[in-house]
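Report on the following structure.
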Number of protein chains: 2
Amino acid sequence: MELKSIGIVNSPFKVKKDSPHQGRFSEEISTIEIFPEYAEALDGIEKFSNLFVIYWMDRSGPASLTVVPHGRTEKRGLFATRAPVRPNSLGLCMVELVKREGNVLTVKWLDALDQSPVLDIKPFVPDIDCL
Amino acid sequence: MELKSIGIVNSPFKVKKDSPHQGRFSEEISTIEIFPEYAEALDGIEKFSNLFVIYWMDRSGPASLTVVPHGRTEKRGLFATRAPVRPNSLGLCMVELVKREGNVLTVKWLDALDQSPVLDIKPFVPDIDCL
């Protein structure tokens with residue numbers, strides 16, 4: 001199971017300590033540059049106000065089976081947290097699509113570090129993605 | 001970017017034509033068997049009623065940059081759809097956690113085919129994952 005990058009994140013979060021605990025609570029703007037060979041796959045994406053971005057957390061550090069979640073004091077199993085130190089460094093973030101210009105998506109709420117490889121974009125569909 | 005399987009899906013959906021268009025609209029039950037070496041990472045997961053499952057759609061067919069979405073007649077860019085024929089075969093599904101027994105999660109709403117490799121489990125957190 002080999003992944004390929006379909007694009008790259010341009011974000012104000014250059015290093016880990018700058019990045020928000022949750023992108024959702026940040027007003028910062030990022031862009032996602034989809035590589036030209038995949039640009040056609042964006043057709044119609046502006047119909048959606050929100051997207052899931054799956055990206056590779058390439059600076060996340062080694063996986064750990066237990067972690068102390070942000071703001072807590074007791075260890076918890078990694079899969080019961082959103083901590084980045086995962087067996088597969090897959091980041092998942094629901095973002096607001098501000099605009100699309102060609103192969104560039106401008107988004108809010110993305111917590112990815114600058115230059116993170118993008119793996120997939122899926123439309124957010126409240127009927128199946130929310131309670 | 002190389003992925004490793006952290007578990008396997010056991011599902012009533014043995015072949016593509018049996019699988020629901022959206023798992024959310026199915027009452028079928030699946031189980032996710034997390035491999036013993038990752039079982040500790042499930043500690044505390046039963047605190048969450050819902051989870052994101054990221055899995056590998058190993059029988060999804062070759063990627064296509066445009067598709068005609070289910071129930072539509074016009075082509076749309078792949079990233080504006082949830083179609084499985086993606087550059088990276090990453091399946092994303094929000095599921096209901098029915099129960100956890102050791103390293104086995106019993107879930108509803110999962111649309112993965114039987115024996116799909118599981119890549120990540122993340123808790124669903126409405127404050128950041130919903131509008």
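Ordering of the structure tokens sets the chain letters (A, B, ...), residue numbers begin anew at 1 in every chain, and ligands are numbered from 1 in the order given.
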
Identify, on the basis of only C-alpha atoms, every residue whose closest approach to segment 15-17 of chain B does not exceed 12 Å; exclude the query and any residue fewer than 5 positions from it along the same chain; express the result as a ChimeraX atom specification. /B:57-61,84,111-116

With N, CA and C atoms retained, write the just-selected residues as a JSON list (two decimals), in the first residue's frame.
```json
[["chain", "number", "residue", "atom", "x", "y", "z"],
["B", 57, "MET", "N", -9.16, 0.66, 0.25],
["B", 57, "MET", "CA", -10.16, 0.07, -0.65],
["B", 57, "MET", "C", -9.41, -0.77, -1.69],
["B", 58, "ASP", "N", -9.06, -1.98, -1.28],
["B", 58, "ASP", "CA", -8.12, -2.79, -2.07],
["B", 58, "ASP", "C", -8.72, -3.35, -3.36],
["B", 59, "ARG", "N", -10.04, -3.25, -3.51],
["B", 59, "ARG", "CA", -10.67, -3.74, -4.75],
["B", 59, "ARG", "C", -11.40, -2.61, -5.49],
["B", 60, "SER", "N", -10.87, -1.38, -5.38],
["B", 60, "SER", "CA", -11.62, -0.23, -5.89],
["B", 60, "SER", "C", -11.45, 0.02, -7.39],
["B", 61, "GLY", "N", -10.53, -0.64, -8.03],
["B", 61, "GLY", "CA", -10.34, -0.39, -9.46],
["B", 61, "GLY", "C", -9.45, 0.81, -9.70],
["B", 84, "PRO", "N", -14.98, 5.52, -5.14],
["B", 84, "PRO", "CA", -13.79, 4.81, -4.65],
["B", 84, "PRO", "C", -12.58, 4.81, -5.58],
["B", 111, "ASP", "N", -18.88, 0.88, 5.40],
["B", 111, "ASP", "CA", -19.18, 0.44, 4.03],
["B", 111, "ASP", "C", -18.05, -0.37, 3.40],
["B", 112, "ALA", "N", -17.05, -0.74, 4.18],
["B", 112, "ALA", "CA", -15.89, -1.46, 3.64],
["B", 112, "ALA", "C", -16.25, -2.89, 3.25],
["B", 113, "LEU", "N", -15.62, -3.38, 2.20],
["B", 113, "LEU", "CA", -15.75, -4.79, 1.83],
["B", 113, "LEU", "C", -15.04, -5.67, 2.85],
["B", 114, "ASP", "N", -15.54, -6.90, 2.95],
["B", 114, "ASP", "CA", -14.94, -7.90, 3.83],
["B", 114, "ASP", "C", -13.45, -8.03, 3.54],
["B", 115, "GLN", "N", -12.67, -8.09, 4.60],
["B", 115, "GLN", "CA", -11.22, -8.29, 4.53],
["B", 115, "GLN", "C", -10.43, -7.06, 4.07],
["B", 116, "SER", "N", -11.08, -5.90, 4.07],
["B", 116, "SER", "CA", -10.33, -4.67, 3.75],
["B", 116, "SER", "C", -9.30, -4.38, 4.85]]
```

Helix (DSSP H, G or I) per DSSP on the backbone: members of chain B, as a list in words: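 Matching residues for helix (DSSP H, G or I) in chain B are Lys16, Lys17, Asp18, Gly23, Arg24, Phe25, Pro36, Glu37, Tyr38, Ala39, Glu40, Ala41, Leu42, Ile45, Glu46, Lys47, Leu78, Phe79, Ala80, Pro126, Asp127, Ile128 and Asp129 of chain B.
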
Please indicate the distance in Å from atom CA of Ile128 of chain B to atom CA of Val125 of chain A, rounded to one decimal place.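 The value is 14.5 Å.
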
Write out as a ChimeraX atom specification every residue belonging to chain A that has an atom at most 7 Å from any atom of chain B, counting only C-alpha atoms. /A:1-4,24,38,40-45,65-66,76-82,88,94,119-123,128-130

What's the 9 Å shell around segment 29-31 of chain A, counting only C-alpha atoms, without same-chain residues fewer than 6 positions away, as a CSV table (one decimal) with C-alpha atoms, in the first residue's frame?
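And here is the file that came out, out00.csv:
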```csv
chain,number,residue,atom,x,y,z
A,8,ILE,CA,0.9,20.1,-1.2
A,9,VAL,CA,-0.2,22.3,1.7
A,10,ASN,CA,0.9,25.9,2.0
A,11,SER,CA,0.2,26.9,5.5
A,12,PRO,CA,1.2,29.6,8.0
A,13,PHE,CA,2.2,26.7,10.4
A,98,VAL,CA,-13.1,29.6,1.0
A,104,VAL,CA,-5.5,25.9,-5.8
A,105,LEU,CA,-8.0,25.5,-2.9
A,106,THR,CA,-8.1,28.2,-0.2
A,107,VAL,CA,-9.3,26.8,3.1
A,108,LYS,CA,-9.9,27.5,6.7
A,109,TRP,CA,-9.5,25.1,9.7
A,110,LEU,CA,-6.7,23.0,8.2
A,111,ASP,CA,-4.2,22.0,10.9
A,112,ALA,CA,-1.5,20.6,8.6
A,114,ASP,CA,3.4,23.9,5.7
```

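Rounded to one decimal, atom CA of Arg72 of chain A and atom CA of Asp18 of chain A lie 20.3 Å from each other.
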
Between atom CA of Gly71 of chain B and atom CA of Ile34 of chain A, what distance in Å does the model show, to one decimal?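 The value is 27.1 Å.
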